[in-house]
Amino acid sequence: MPMGVSTGHAAVVIANGSPGSIAAVRSLGRRGVDTIVASDLTAPPSARSRHCDEFVPLPEPTDPDDYAAALLSLARRPDVRTILPGREQDIFVLASHRDAFADHVTPFWPDFETVRETHDRLSLFATAAATDAPIPTTEPLDAVTDWSGERIVKSRYALLTDAYDRAIPSRDLHKPPSTVYLEPGQTPDRQALVERMEHVPVTQSYVGGTEYSFRALYDHGDPVLTSQIRQHRGYKYTGGASVYRESIFDPRLERSGRALLDALDWHGPAEVEFRRPADGDEYLLMEVNPRLWASLSCDIRAGVDYPWVLWRLAGDDPVPETTDYETGVGTHLLRGEVSYLYSLWTHDCPLVDPPSPSTAIRNLIASFRRHPDCDYFSPSDPWPFVRDVRLAIRSHLP
């Protein structure tokens, strides 16, 4: 047995309310793996699954040391083989304490320097440029002199912490504010944007069109599984996290995704996000998520079972040699679809024209007829869906 390989029979799935965690729990539970749902939420939907064997509460991930200590206490258990991260805070803590975790479980995630590079958009795009990957024009806010084009402002970092930038006033881990869409031709209030973002953010040329993602599981630089998704709808009509997506395959997207992860000498799961402009055929890199992704159910339904293969790799077990999967498989996030419709009336973007409500509703109905599967809903495992609906309603009550 290679050094560092754990033979435990349980997996820790970190749940944060993302539908990716319930997909992982169901995937592993159906295969007979003991699943431990760990979360800072009181009762995440995945903990209500019949495939969840145990729920362990975690502290909020604001303090990285406290959060790492709680996860390490799970890693020390002899029954735990590995840990599956689902958000940026999780992967930051696991990567920054990688050696400590490696004493107890098989760490199927990148090292800290790789995570830092993917979380820093300027560093990531420099690596992408070296692979000749197309990227949108991206530069620090304080370097821009011409505001005549269509631009957005977003955080330089996927996660805010002074470990990445000393200008950030706290070592606590927290997500950055959402993207700001600028009025074309107007010079923004730079100081206000810096204060909003807590550091000097980046500006980026706005890229319209369709979002795509390349998903992969790597084993020390070698791809084991790959898949691709086209996003049809996000939480808002401007995009955002996927609420309706469909499995596809394009060899150009495969080459672009692999080239970047190869250059990063990747290890573990990753989602590489791209946009293809409506008037072009190039895939422009947007970001890399160094963890399991929220729309994991679509890959699993298409035949690419990332949690199960990761589990087997962590135990040095053989994995299937084929990486074929079914294209044209679609899944929805129901509360996300509601959010999408809500954005048509409440969200205003100077760079994107929303569809008419009637068109949006017709498209939504047609998509459910074509692809009725939903992330949380399962007739044989209904309680995660019920819990998710309750949480969604509660979040909108005064």
# chains A, B, ... in the order shown; residues from 1 in each chain; ligands from 1
call {"tool": "closest_atom_pairs", "arguments": {"of": "segment 179-225 of chain A", "to": "segment 140-145 of chain A", "cutoff": "8 Å", "atoms": "only C-alpha atoms", "output": "Markdown table"}}
result
| residue | atom | partner | partner_atom | distance |
| --- | --- | --- | --- | --- |
| A:Arg190 | CA | A:Leu141 | CA | 7.3 |
| A:Val200 | CA | A:Leu141 | CA | 6.3 |
| A:Pro201 | CA | A:Leu141 | CA | 5.7 |
| A:Val202 | CA | A:Pro140 | CA | 4.2 |
| A:Thr203 | CA | A:Leu141 | CA | 5.5 |
call {"tool": "write_last_selection", "arguments": {"atoms": "N, CA and C atoms", "output": "PDB file, in the first residue's frame"}}
result
ATOM      1  N   ARG A 190     -13.186  54.819  -8.431  1.00  0.00           N
ATOM      2  CA  ARG A 190     -12.221  53.763  -8.111  1.00  0.00           C
ATOM      3  C   ARG A 190     -12.138  53.503  -6.609  1.00  0.00           C
ATOM      4  N   VAL A 200      -7.552  46.118  -4.254  1.00  0.00           N
ATOM      5  CA  VAL A 200      -7.618  46.625  -5.625  1.00  0.00           C
ATOM      6  C   VAL A 200      -8.124  45.499  -6.523  1.00  0.00           C
ATOM      7  N   PRO A 201      -9.352  45.606  -7.020  1.00  0.00           N
ATOM      8  CA  PRO A 201      -9.911  44.530  -7.849  1.00  0.00           C
ATOM      9  C   PRO A 201      -9.367  44.591  -9.273  1.00  0.00           C
ATOM     10  N   VAL A 202      -9.868  43.726 -10.128  1.00  0.00           N
ATOM     11  CA  VAL A 202      -9.479  43.736 -11.533  1.00  0.00           C
ATOM     12  C   VAL A 202     -10.652  44.205 -12.377  1.00  0.00           C
ATOM     13  N   THR A 203     -10.338  44.778 -13.522  1.00  0.00           N
ATOM     14  CA  THR A 203     -11.351  45.070 -14.528  1.00  0.00           C
ATOM     15  C   THR A 203     -11.153  44.097 -15.674  1.00  0.00           C
TER      16      THR A 203
END
call {"tool": "closest_atom_pairs", "arguments": {"of": "segment 60-170 of chain A", "to": "segment 15-34 of chain A", "cutoff": "10 Å", "atoms": "only C-alpha atoms", "output": "tab-separated table"}}
result
residue	atom	partner	partner_atom	distance
A:Asp79	CA	A:Asp34	CA	8.9
A:Val80	CA	A:Asp34	CA	8.9
A:Leu84	CA	A:Ala24	CA	8.4
A:Pro85	CA	A:Ala15	CA	8.2
A:Gly86	CA	A:Ala15	CA	6.8
A:Arg87	CA	A:Asn16	CA	7.7
A:Asp90	CA	A:Asn16	CA	9.7
call {"tool": "select_by_dssp", "arguments": {"residues": "segment 206-364 of chain A", "states": "alpha helix (DSSP H)", "output": "NGL selection string"}}
result
:A and (251-263 or 296-302 or 306-314 or 334-346 or 357-364)
call {"tool": "closest_atom_pairs", "arguments": {"of": "segment 96-137 of chain A", "to": "segment 256-262 of chain A", "cutoff": "12 Å", "atoms": "only C-alpha atoms", "output": "CSV"}}
result
residue,atom,partner,partner_atom,distance
A:Pro110,CA,A:Leu261,CA,11.0
A:Thr114,CA,A:Leu261,CA,10.3
A:Val115,CA,A:Leu261,CA,11.9
A:Glu117,CA,A:Leu261,CA,11.8
A:Thr118,CA,A:Leu261,CA,10.2
A:Leu124,CA,A:Leu260,CA,9.2
A:Phe125,CA,A:Leu260,CA,9.8
A:Ala126,CA,A:Leu260,CA,10.8
A:Thr127,CA,A:Leu260,CA,7.6
A:Ala128,CA,A:Leu260,CA,6.0
A:Ala129,CA,A:Leu260,CA,9.4
A:Ala130,CA,A:Leu260,CA,9.1
A:Thr131,CA,A:Ala259,CA,6.6
A:Asp132,CA,A:Ser256,CA,9.0
A:Ala133,CA,A:Ser256,CA,6.6
A:Pro134,CA,A:Ser256,CA,9.0
A:Ile135,CA,A:Ser256,CA,11.2
call {"tool": "write_last_selection", "arguments": {"atoms": "N, CA and C atoms", "output": "PDB file, in the first residue's frame"}}
result
ATOM      1  N   PRO A 110      -5.342  19.982  -4.645  1.00  0.00           N
ATOM      2  CA  PRO A 110      -4.040  20.581  -4.981  1.00  0.00           C
ATOM      3  C   PRO A 110      -3.298  21.076  -3.740  1.00  0.00           C
ATOM      4  N   THR A 114      -0.769  25.994  -5.658  1.00  0.00           N
ATOM      5  CA  THR A 114      -1.638  25.840  -6.825  1.00  0.00           C
ATOM      6  C   THR A 114      -3.003  26.458  -6.565  1.00  0.00           C
ATOM      7  N   VAL A 115      -3.545  26.244  -5.366  1.00  0.00           N
ATOM      8  CA  VAL A 115      -4.828  26.854  -5.019  1.00  0.00           C
ATOM      9  C   VAL A 115      -4.707  28.374  -5.021  1.00  0.00           C
ATOM     10  N   GLU A 117      -2.714  30.161  -6.787  1.00  0.00           N
ATOM     11  CA  GLU A 117      -2.609  30.611  -8.172  1.00  0.00           C
ATOM     12  C   GLU A 117      -3.967  30.612  -8.864  1.00  0.00           C
ATOM     13  N   THR A 118      -4.795  29.605  -8.607  1.00  0.00           N
ATOM     14  CA  THR A 118      -6.103  29.576  -9.249  1.00  0.00           C
ATOM     15  C   THR A 118      -7.059  30.593  -8.633  1.00  0.00           C
ATOM     16  N   LEU A 124      -3.559  33.349 -12.512  1.00  0.00           N
ATOM     17  CA  LEU A 124      -4.159  32.297 -13.333  1.00  0.00           C
ATOM     18  C   LEU A 124      -4.119  32.663 -14.809  1.00  0.00           C
ATOM     19  N   PHE A 125      -4.439  33.911 -15.129  1.00  0.00           N
ATOM     20  CA  PHE A 125      -4.458  34.320 -16.528  1.00  0.00           C
ATOM     21  C   PHE A 125      -3.051  34.382 -17.111  1.00  0.00           C
ATOM     22  N   ALA A 126      -2.055  34.665 -16.280  1.00  0.00           N
ATOM     23  CA  ALA A 126      -0.670  34.634 -16.764  1.00  0.00           C
ATOM     24  C   ALA A 126      -0.283  33.209 -17.151  1.00  0.00           C
ATOM     25  N   THR A 127      -0.687  32.239 -16.345  1.00  0.00           N
ATOM     26  CA  THR A 127      -0.424  30.841 -16.682  1.00  0.00           C
ATOM     27  C   THR A 127      -1.180  30.440 -17.943  1.00  0.00           C
ATOM     28  N   ALA A 128      -2.431  30.880 -18.055  1.00  0.00           N
ATOM     29  CA  ALA A 128      -3.232  30.554 -19.231  1.00  0.00           C
ATOM     30  C   ALA A 128      -2.623  31.150 -20.491  1.00  0.00           C
ATOM     31  N   ALA A 129      -2.111  32.378 -20.396  1.00  0.00           N
ATOM     32  CA  ALA A 129      -1.502  33.025 -21.558  1.00  0.00           C
ATOM     33  C   ALA A 129      -0.300  32.239 -22.054  1.00  0.00           C
ATOM     34  N   ALA A 130       0.407  31.613 -21.129  1.00  0.00           N
ATOM     35  CA  ALA A 130       1.581  30.820 -21.516  1.00  0.00           C
ATOM     36  C   ALA A 130       1.186  29.560 -22.276  1.00  0.00           C
ATOM     37  N   THR A 131      -0.066  29.136 -22.151  1.00  0.00           N
ATOM     38  CA  THR A 131      -0.553  27.969 -22.900  1.00  0.00           C
ATOM     39  C   THR A 131      -1.274  28.392 -24.185  1.00  0.00           C
ATOM     40  N   ASP A 132      -1.239  29.700 -24.476  1.00  0.00           N
ATOM     41  CA  ASP A 132      -1.911  30.274 -25.652  1.00  0.00           C
ATOM     42  C   ASP A 132      -3.428  30.177 -25.564  1.00  0.00           C
ATOM     43  N   ALA A 133      -3.946  30.084 -24.340  1.00  0.00           N
ATOM     44  CA  ALA A 133      -5.399  30.056 -24.165  1.00  0.00           C
ATOM     45  C   ALA A 133      -5.959  31.467 -24.341  1.00  0.00           C
ATOM     46  N   PRO A 134      -7.051  31.632 -25.073  1.00  0.00           N
ATOM     47  CA  PRO A 134      -7.672  32.949 -25.197  1.00  0.00           C
ATOM     48  C   PRO A 134      -8.216  33.410 -23.849  1.00  0.00           C
ATOM     49  N   ILE A 135      -7.967  34.660 -23.506  1.00  0.00           N
ATOM     50  CA  ILE A 135      -8.442  35.222 -22.239  1.00  0.00           C
ATOM     51  C   ILE A 135      -8.981  36.625 -22.495  1.00  0.00           C
TER      52      ILE A 135
END
call {"tool": "residues_around", "arguments": {"residues": "Thr323 of chain A", "least_positions_apart": "2", "cutoff": "7 Å", "atoms": "only C-alpha atoms", "output": "NGL selection string"}}
result
:A and (225-226 or 321 or 325)
call {"tool": "residues_around", "arguments": {"residues": "segment 305-317 of chain A", "least_positions_apart": "2", "cutoff": "10 Å", "atoms": "only C-alpha atoms", "output": "ChimeraX atom specification"}}
result
/A:1-2,4-11,13,21,23-31,33,81-84,105-108,215-219,224-227,268-269,292,296-303,319-320,323,325
call {"tool": "select_by_dssp", "arguments": {"residues": "segment 10-177 of chain A", "states": "strand (DSSP E or B)", "output": "PyMOL selection string"}}
result
chain A and resi 10-14+34-39+54-57+80-84+120+138-140+151-154+157+160+174
call {"tool": "residues_around", "arguments": {"residues": "Ala70 of chain A", "least_positions_apart": "3", "cutoff": "12 Å", "atoms": "only C-alpha atoms", "output": "list of chain:residue names"}}
result
A:Ile14, A:Ala38, A:Ser39, A:Asp40, A:Val56, A:Pro57, A:Leu58, A:Pro59, A:Glu60, A:Pro61, A:Asp63, A:Pro64, A:Asp65, A:Asp66, A:Tyr67, A:Ser73, A:Leu74, A:Ala75, A:Arg76, A:Arg77, A:Asp90, A:Val93, A:Leu94, A:Phe101
call {"tool": "residues_around", "arguments": {"residues": "Arg252 of chain A", "least_positions_apart": "2", "cutoff": "12 Å", "atoms": "only C-alpha atoms", "output": "VMD selection string"}}
result
chain A and resid 133 to 134 212 to 214 228 248 to 250 254 to 259 274 276 281 to 284
call {"tool": "residues_around", "arguments": {"residues": "Asp146 of chain A", "least_positions_apart": "5", "cutoff": "10 Å", "atoms": "only C-alpha atoms", "output": "MDAnalysis selection string"}}
result
chainID A and resid 185:187
call {"tool": "closest_residue", "arguments": {"among": "A:Pro45, A:Glu113, A:Ser170, A:Thr35", "to": "Arg390 of chain A", "atoms": "only C-alpha atoms"}}
result
A:Pro45
call {"tool": "atom_distance", "arguments": {"atom1": "atom CA of Phe112 of chain A", "atom2": "atom CA of Pro169 of chain A"}}
result
21.1 Å
call {"tool": "closest_residue", "arguments": {"among": "A:Asp381, A:Asp120, A:Asp172, A:Glu246", "to": "Val329 of chain A", "atoms": "only C-alpha atoms"}}
result
A:Glu246
call {"tool": "closest_atom_pairs", "arguments": {"of": "segment 236-275 of chain A", "to": "segment 330-346 of chain A", "cutoff": "10 Å", "atoms": "only C-alpha atoms", "output": "CSV"}}
result
residue,atom,partner,partner_atom,distance
A:Lys236,CA,A:Tyr340,CA,4.5
A:Tyr237,CA,A:Tyr340,CA,6.0
A:Thr238,CA,A:Ser343,CA,8.9
A:Gly239,CA,A:Tyr340,CA,8.9
A:Gly240,CA,A:Tyr340,CA,9.8
A:Ala241,CA,A:Gly336,CA,8.6
A:Ser242,CA,A:Gly336,CA,7.9
A:Val243,CA,A:Leu333,CA,4.8
A:Tyr244,CA,A:His332,CA,4.5
A:Arg245,CA,A:Gly330,CA,5.5
A:Glu246,CA,A:Gly330,CA,4.1
A:Ser247,CA,A:Gly330,CA,6.4
A:Ile248,CA,A:Gly330,CA,9.7
call {"tool": "write_last_selection", "arguments": {"atoms": "N, CA and C atoms", "output": "JSON list (two decimals), in the first residue's frame"}}
result
[["chain", "number", "residue", "atom", "x", "y", "z"],
["A", 236, "LYS", "N", -29.13, 34.52, -12.30],
["A", 236, "LYS", "CA", -29.68, 35.75, -12.86],
["A", 236, "LYS", "C", -29.60, 35.67, -14.38],
["A", 237, "TYR", "N", -30.36, 36.53, -15.04],
["A", 237, "TYR", "CA", -30.32, 36.49, -16.50],
["A", 237, "TYR", "C", -28.96, 36.91, -17.05],
["A", 238, "THR", "N", -28.13, 37.54, -16.21],
["A", 238, "THR", "CA", -26.77, 37.89, -16.62],
["A", 238, "THR", "C", -25.81, 36.72, -16.50],
["A", 239, "GLY", "N", -26.22, 35.64, -15.84],
["A", 239, "GLY", "CA", -25.35, 34.48, -15.68],
["A", 239, "GLY", "C", -25.25, 34.07, -14.22],
["A", 240, "GLY", "N", -24.05, 33.78, -13.78],
["A", 240, "GLY", "CA", -23.84, 33.33, -12.41],
["A", 240, "GLY", "C", -23.85, 31.82, -12.31],
["A", 241, "ALA", "N", -23.97, 31.32, -11.09],
["A", 241, "ALA", "CA", -23.95, 29.88, -10.86],
["A", 241, "ALA", "C", -25.05, 29.20, -11.67],
["A", 242, "SER", "N", -24.76, 28.00, -12.15],
["A", 242, "SER", "CA", -25.66, 27.30, -13.07],
["A", 242, "SER", "C", -26.92, 26.81, -12.38],
["A", 243, "VAL", "N", -28.08, 27.03, -13.02],
["A", 243, "VAL", "CA", -29.34, 26.45, -12.54],
["A", 243, "VAL", "C", -29.97, 25.54, -13.59],
["A", 244, "TYR", "N", -29.52, 25.61, -14.83],
["A", 244, "TYR", "CA", -29.93, 24.67, -15.87],
["A", 244, "TYR", "C", -28.76, 24.49, -16.81],
["A", 245, "ARG", "N", -28.32, 23.23, -16.93],
["A", 245, "ARG", "CA", -27.13, 22.94, -17.72],
["A", 245, "ARG", "C", -27.30, 21.60, -18.43],
["A", 246, "GLU", "N", -26.42, 21.37, -19.44],
["A", 246, "GLU", "CA", -26.56, 20.18, -20.27],
["A", 246, "GLU", "C", -25.17, 19.66, -20.63],
["A", 247, "SER", "N", -25.01, 18.35, -20.60],
["A", 247, "SER", "CA", -23.71, 17.75, -20.93],
["A", 247, "SER", "C", -23.47, 17.83, -22.44],
["A", 248, "ILE", "N", -22.23, 18.19, -22.81],
["A", 248, "ILE", "CA", -21.84, 18.31, -24.22],
["A", 248, "ILE", "C", -20.45, 17.72, -24.38]]
call {"tool": "closest_residue", "arguments": {"among": "A:Leu41, A:Gly221, A:Tyr164, A:Val153", "to": "Asp189 of chain A", "atoms": "only C-alpha atoms"}}
result
A:Val153
call {"tool": "closest_residue", "arguments": {"among": "A:Tyr157, A:Trp383, A:Trp266, A:Trp293", "to": "Trp109 of chain A", "atoms": "only C-alpha atoms"}}
result
A:Trp266
call {"tool": "closest_residue", "arguments": {"among": "A:Glu88, A:Asp165, A:Glu54, A:Asp348", "to": "Val288 of chain A", "atoms": "only C-alpha atoms"}}
result
A:Glu88
